[in-house]
Structure formats: structure tokens, C-alpha cells
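Novice: Pasting a structure below so you can have a look.
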Amino acid sequence: GNFKASINISSTVCYFMGEIQMLAERENQIIGMIYDAALNASLWQDVLSAVVDFTGSSTAIFTATHQLSPNYDFVFTHNIPEKSLQAYQDEDVKILDMRLHVPHWMEKALGDTVLNSFEPYASMPVGTDEYIFYEKCAKPTNISHVAAVLLERSMYSWAVFAVHRAPQLVHYNHEEEAILRRLGIHIRRALQIYRQMVILKQEKENIYSVLDLFKLGVILLEQDGRLFYSNQASRRI
């Protein structure tokens with residue numbers, strides 16, 4: 001009997017170890033996808049889809065805003081209809097969102113996470129901020145439970161990566177919060193890489209704009225003798 005019990009225990013341990021290894025491999029795979037997306041923004045859709053699947057979520061959003069540099073702004077989503085996104089862009093909804101949820105973030109450091117649920121909002125009195133936010137934003141997007149990681153915050157900038165669950169799904173737990181916090185480390189680095197890529201692109205465009213204003217023709221050649229750039233004046237010539 002003791003022998004059979006030890007076999008069962010060993011089998012159970014091996015099973016859980018295998019599950020842990022599979023989860024670690026999947027997480028590492030997503031981390032690799034995050035750095036690929038840092039260099040190719042179109043791949044963020046794949047990242048969001050993978051994180052949604054990995055965390056048992058229904059939707060996800062990755063958004064960044066920089067008031068002083070609008071070129072930095074972006075919003076990537078997964079499984080959120082365009083109509084729902086437009087509802088969220090309403091200025092009144094944005095103000096409600098900030099009033100209700102920014103206090104949760106103010107005591108958080110970069111990389112920290114917040115777990116929240118909009119379920120109680122539905123039962124709040126009509127006309128309250130919570131009820132209006134639920135009717136205008138949470139209900140149309142079919143979002144009830146939220147797990148988010150803070151990526152950037154300053155007087156002029158804000159960046160968050162969040163996954164959501166529909167009302168029929170369970171609340172997020174601390175294990176899933178830990179997953180998001182670990183992934184958030186790499187998403188923050190990817191965001192910084194993206195910022196640098198935008199700066200380089202802007203500098204390149206600025207140089208070309210200056211060349212286009214020259215009255216002289218300017219031609220740049222690579223070491224192989226291939227044309228690299230010619231400004232408008234040289235094209236006219």
C-alpha cells in the first residue's frame with residue numbers, strides 16, 4: 001500500500017512539474033514575441049492574442065499616450081470591437097475613467113499591477129460615476145474583470161498593458177497577476193525600444209526634409225555605388 005501511494009505521489013509530482021515547465025516555455029515564447037514586436041509594430045496583435053490565451057482572458061489592450069509627442073501614441077487591442085473603442089474615446093468616459101481609476105495607480109510604481117472588477121458598478125445607483133462608466137464603457141465592451149500593468153507614468157505620458165475577462169469568467173488571481181508583472185518587465189523594455197525607433201525615424205525624416213529645401217542637387221551614394229538618396233532639386237535636374 002505504501003509502495004502504491006509513493007508511486008501515485010511521484011506521478012502527481014511529475015505531472016505538476018511538467019505543467020510548470022510547459023507554462024515556463026509558453027511564457028518565454030511570449031517574451032520572444034514581445035521583442036519581435038518592438039521592432040515590428042504589426043506583431044503586437046499576435047502578442048496580445050498570445051497573452052489573452054495564456055491568461056485565460058477574453059480581450060486585451062496595449063496603449064500609450066504622450067501629450068508632448070503625439071507620434072508616440074498608439075493603441076493595440078485584441079477582440080475589442082471598433083465601436084466599443086469609439087465609445088471609450090468619448091471625452092466624458094475618459095474623465096470618468098480617470099476619476100474612478102487613476103487613484104488606484106497613483107500609489108503604484110512602474111511595473112506594478114492592478115486587479116479590478118466592474119461587477120459592482122452595475123448595481124450602483126443610476127447617475128453615479130460607476131454606473132455611467134459601466135453603461136457607457138464596461139457593458140458595451142463586455143469587460144468585467146481587469147488585470148493591468150503600469151508601464152509608464154509621468155506628467156505628460158501614460159502607458160498600460162491590460163487583459164480583461166467577460167462577466168461570465170472568474171476574477172483574476174495573484175498567480176495571473178504575477179504572470180502579467182513578469183511580462184510587464186519585457187513590455188516596458190519593448191516600449192523603450194519603440195520610443196528609440198520613433199526618434200530615429202523622426203531624425204531621418206527631418207534630415208530628408210532639410211535636403212529637400214536645398215537649391216542644389218544632393219546625391220548620396222552607398223559604398224557599392226548605389227543611389228541612397230536624392231533630394232527634390234537633384235530629381236528635377
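Residue names in the C-alpha cells use chain letters A, B, ... in the order shown, residue numbers from 1 in each chain, and ligand numbers from 1 in the order shown.
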With DSSP run on the backbone, what are the helix (DSSP H, G or I) residues within stretch 3-234 of chain A? I'd like them as a ChimeraX atom specification.

Specialist: /A:3-39,41-55,70-72,82-88,91-106,119-123,129-141,174-213,232-234

Novice: Contacts of A:Tyr156 at 7 Å or less, counting only C-alpha atoms, minus same-chain residues fewer than 5 places along, as a list of chain:residue names?

Specialist: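 Neighbouring residues, sequence-local ones excluded: A:His66, A:Gln67, A:Leu68.
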
Novice: Could you check which of A:Leu169, A:Asp129, A:Phe161, A:Thr55 is closest to A:Ser144, using only C-alpha atoms?

Specialist: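 Comparing A:Leu169, A:Asp129, A:Phe161, A:Thr55 against A:Ser144, the winner is A:Leu169.
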
Novice: Select, from A:Leu227, A:Ala159, A:Ala166, A:Ile30, the residue with the minimum atom-to-atom distance to A:Ile61, counting only C-alpha atoms.

Specialist: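 Using only C-alpha atoms, the shortest distance to A:Ile61 belongs to A:Ala159.
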
Novice: Just the residues within 10 Å of A:Lys139, please, counting only C-alpha atoms, with nothing from its chain fewer than 5 positions along; format it as a VMD selection string.

Specialist: chain A and resid 84 118 to 119 122 133 to 134 144 166 to 167

Novice: Keeping only all heavy atoms, write those residues as a PDB file, in the first residue's frame.

Specialist:
```pdb
ATOM      1  N   SER A  84     -16.805  49.690 -29.737  1.00  0.00           N
ATOM      2  CA  SER A  84     -16.541  49.798 -28.303  1.00  0.00           C
ATOM      3  C   SER A  84     -15.377  50.736 -28.024  1.00  0.00           C
ATOM      4  O   SER A  84     -15.386  51.493 -27.056  1.00  0.00           O
ATOM      5  CB  SER A  84     -16.255  48.411 -27.724  1.00  0.00           C
ATOM      6  OG  SER A  84     -17.362  47.554 -27.891  1.00  0.00           O
ATOM      7  N   PHE A 118     -15.425  45.431 -12.584  1.00  0.00           N
ATOM      8  CA  PHE A 118     -16.506  46.392 -12.783  1.00  0.00           C
ATOM      9  C   PHE A 118     -17.862  45.813 -12.398  1.00  0.00           C
ATOM     10  O   PHE A 118     -18.886  46.480 -12.570  1.00  0.00           O
ATOM     11  CB  PHE A 118     -16.552  46.835 -14.246  1.00  0.00           C
ATOM     12  CG  PHE A 118     -15.272  47.468 -14.725  1.00  0.00           C
ATOM     13  CD1 PHE A 118     -14.767  47.188 -15.988  1.00  0.00           C
ATOM     14  CD2 PHE A 118     -14.572  48.348 -13.912  1.00  0.00           C
ATOM     15  CE1 PHE A 118     -13.597  47.771 -16.433  1.00  0.00           C
ATOM     16  CE2 PHE A 118     -13.393  48.942 -14.343  1.00  0.00           C
ATOM     17  CZ  PHE A 118     -12.899  48.648 -15.613  1.00  0.00           C
ATOM     18  N   GLU A 119     -17.891  44.599 -11.877  1.00  0.00           N
ATOM     19  CA  GLU A 119     -19.157  43.969 -11.489  1.00  0.00           C
ATOM     20  C   GLU A 119     -19.978  44.837 -10.539  1.00  0.00           C
ATOM     21  O   GLU A 119     -21.186  45.037 -10.755  1.00  0.00           O
ATOM     22  CB  GLU A 119     -18.890  42.599 -10.851  1.00  0.00           C
ATOM     23  CG  GLU A 119     -18.776  41.477 -11.839  1.00  0.00           C
ATOM     24  CD  GLU A 119     -18.626  40.129 -11.153  1.00  0.00           C
ATOM     25  OE1 GLU A 119     -18.171  40.092  -9.992  1.00  0.00           O
ATOM     26  OE2 GLU A 119     -18.956  39.110 -11.791  1.00  0.00           O
ATOM     27  N   ALA A 122     -22.380  47.834 -11.838  1.00  0.00           N
ATOM     28  CA  ALA A 122     -23.703  47.633 -12.433  1.00  0.00           C
ATOM     29  C   ALA A 122     -24.828  47.838 -11.424  1.00  0.00           C
ATOM     30  O   ALA A 122     -25.955  48.201 -11.800  1.00  0.00           O
ATOM     31  CB  ALA A 122     -23.801  46.247 -13.044  1.00  0.00           C
ATOM     32  N   PHE A 133     -20.066  54.788 -16.076  1.00  0.00           N
ATOM     33  CA  PHE A 133     -18.912  54.142 -16.700  1.00  0.00           C
ATOM     34  C   PHE A 133     -19.268  52.717 -17.132  1.00  0.00           C
ATOM     35  O   PHE A 133     -18.877  52.281 -18.222  1.00  0.00           O
ATOM     36  CB  PHE A 133     -17.728  54.112 -15.728  1.00  0.00           C
ATOM     37  CG  PHE A 133     -16.495  53.489 -16.316  1.00  0.00           C
ATOM     38  CD1 PHE A 133     -15.631  54.231 -17.107  1.00  0.00           C
ATOM     39  CD2 PHE A 133     -16.198  52.154 -16.087  1.00  0.00           C
ATOM     40  CE1 PHE A 133     -14.503  53.649 -17.664  1.00  0.00           C
ATOM     41  CE2 PHE A 133     -15.069  51.571 -16.634  1.00  0.00           C
ATOM     42  CZ  PHE A 133     -14.216  52.321 -17.424  1.00  0.00           C
ATOM     43  N   TYR A 134     -20.002  52.011 -16.288  1.00  0.00           N
ATOM     44  CA  TYR A 134     -20.399  50.645 -16.629  1.00  0.00           C
ATOM     45  C   TYR A 134     -21.280  50.633 -17.881  1.00  0.00           C
ATOM     46  O   TYR A 134     -21.054  49.838 -18.804  1.00  0.00           O
ATOM     47  CB  TYR A 134     -21.152  50.010 -15.467  1.00  0.00           C
ATOM     48  CG  TYR A 134     -21.684  48.631 -15.785  1.00  0.00           C
ATOM     49  CD1 TYR A 134     -20.846  47.520 -15.722  1.00  0.00           C
ATOM     50  CD2 TYR A 134     -23.016  48.456 -16.163  1.00  0.00           C
ATOM     51  CE1 TYR A 134     -21.333  46.258 -16.039  1.00  0.00           C
ATOM     52  CE2 TYR A 134     -23.499  47.203 -16.475  1.00  0.00           C
ATOM     53  CZ  TYR A 134     -22.657  46.099 -16.418  1.00  0.00           C
ATOM     54  OH  TYR A 134     -23.137  44.857 -16.746  1.00  0.00           O
ATOM     55  N   SER A 144     -15.532  42.841 -17.630  1.00  0.00           N
ATOM     56  CA  SER A 144     -15.941  42.870 -16.234  1.00  0.00           C
ATOM     57  C   SER A 144     -14.747  42.870 -15.288  1.00  0.00           C
ATOM     58  O   SER A 144     -14.717  43.614 -14.327  1.00  0.00           O
ATOM     59  CB  SER A 144     -16.852  41.678 -15.916  1.00  0.00           C
ATOM     60  OG  SER A 144     -17.357  41.767 -14.610  1.00  0.00           O
ATOM     61  N   ALA A 166     -14.605  38.568 -19.527  1.00  0.00           N
ATOM     62  CA  ALA A 166     -16.029  38.829 -19.649  1.00  0.00           C
ATOM     63  C   ALA A 166     -16.727  38.511 -18.328  1.00  0.00           C
ATOM     64  O   ALA A 166     -16.170  37.825 -17.463  1.00  0.00           O
ATOM     65  CB  ALA A 166     -16.610  37.980 -20.779  1.00  0.00           C
ATOM     66  N   PRO A 167     -17.960  39.000 -18.133  1.00  0.00           N
ATOM     67  CA  PRO A 167     -18.669  38.812 -16.856  1.00  0.00           C
ATOM     68  C   PRO A 167     -18.814  37.360 -16.431  1.00  0.00           C
ATOM     69  O   PRO A 167     -18.803  37.062 -15.231  1.00  0.00           O
ATOM     70  CB  PRO A 167     -20.042  39.437 -17.129  1.00  0.00           C
ATOM     71  CG  PRO A 167     -19.787  40.447 -18.189  1.00  0.00           C
ATOM     72  CD  PRO A 167     -18.714  39.871 -19.054  1.00  0.00           C
TER      73      PRO A 167
END
```

Novice: Excluding same-chain residues fewer than 6 positions from A:Glu135, what lies within 10 Å of it counting only C-alpha atoms, as a list of chain:residue names?

Specialist: A:Tyr121, A:Ala122, A:Val126, A:Thr141

Novice: Looking at only C-alpha atoms, which of A:Leu191, A:Leu151, A:Ile95, A:Glu130 is the one that sits closest to A:Trp44?

Specialist: A:Leu191

Novice: How many Å separate atom CA of A:Val93 from atom CA of A:Ser157?

Specialist: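 Computing the Euclidean distance for atom CA of A:Val93 and atom CA of A:Ser157 yields 18.8 Å.
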
Novice: Rounded to one decimal, what separation in Å do you get between atom CA of A:Arg188 and atom CA of A:Asp90?

Specialist: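 So the answer is 27.2 Å.
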
Novice: Could you check which of A:Gln232, A:Ser69, A:His186, A:Trp105 is closest to A:Met33, using only C-alpha atoms?

Specialist: A:His186

Novice: Please identify all polymer residues within 12 Å of A:Gly32, counting only C-alpha atoms, omitting same-chain residues fewer than 2 positions from it, and present them as an MDAnalysis selection string.

Specialist: chainID A and resid 25:30 34:39 43:44 46:47 50 183 186:187 190

Novice: Write out as a tab-separated table (two decimals) with N, CA and C atoms, in the first residue's frame the residues lying within 9 Å of A:Glu152, counting only C-alpha atoms and excluding same-chain residues fewer than 2 positions away.

Specialist:
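File produced: result30.tsv:
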```tsv
chain	number	residue	atom	x	y	z
A	64	ALA	N	-0.48	53.63	-25.18
A	64	ALA	CA	0.49	54.60	-24.69
A	64	ALA	C	0.13	55.98	-25.22
A	110	LEU	N	6.23	51.90	-11.28
A	110	LEU	CA	6.31	51.32	-12.61
A	110	LEU	C	6.53	49.82	-12.51
A	111	GLY	N	5.77	49.08	-13.30
A	111	GLY	CA	5.87	47.62	-13.27
A	111	GLY	C	4.89	46.97	-12.33
A	150	LEU	N	1.35	48.73	-15.07
A	150	LEU	CA	1.74	50.10	-15.38
A	150	LEU	C	3.13	50.12	-16.02
A	154	SER	N	4.07	59.72	-16.21
A	154	SER	CA	4.69	60.99	-15.89
A	154	SER	C	3.63	62.07	-16.03
A	157	SER	N	2.90	61.61	-19.86
A	157	SER	CA	2.84	60.32	-20.55
A	157	SER	C	2.17	59.26	-19.69
A	158	TRP	N	1.67	58.23	-20.38
A	158	TRP	CA	0.92	57.16	-19.71
A	158	TRP	C	0.95	55.93	-20.61
A	159	ALA	N	1.29	54.78	-20.07
A	159	ALA	CA	1.27	53.54	-20.85
A	159	ALA	C	0.86	52.38	-19.96
A	160	VAL	N	-0.06	51.56	-20.46
A	160	VAL	CA	-0.61	50.44	-19.71
A	160	VAL	C	-0.83	49.25	-20.64
A	188	ARG	N	7.82	46.77	-21.02
A	188	ARG	CA	8.38	48.10	-20.76
A	188	ARG	C	9.66	48.30	-21.58
```

Novice: Taking only C-alpha atoms into account, which of A:Ile199, A:Ala148, A:Val75, A:Leu221 comes nearest A:Asn116?

Specialist: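 Between A:Ile199, A:Ala148, A:Val75, A:Leu221, the residue approaching A:Asn116 most closely is A:Ala148.
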
Novice: Work out how far apart atom CA of A:Val170 and atom CA of A:Asp97 are and give it in Å to one decimal.

Specialist: 22.6 Å

Novice: Using only C-alpha atoms, find the one residue out of A:Thr65, A:Gln223, A:Gln192, A:Thr113 that sits nearest to A:Glu176.

Specialist: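 Ranked by minimum distance to A:Glu176, first place goes to A:Thr113.
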
Novice: Quick one: residues within 9 Å of A:Glu177, only C-alpha atoms counted, chain neighbours fewer than 5 positions away excluded, as a ChimeraX atom specification?

Specialist: /A:113-115,147-149,172,182
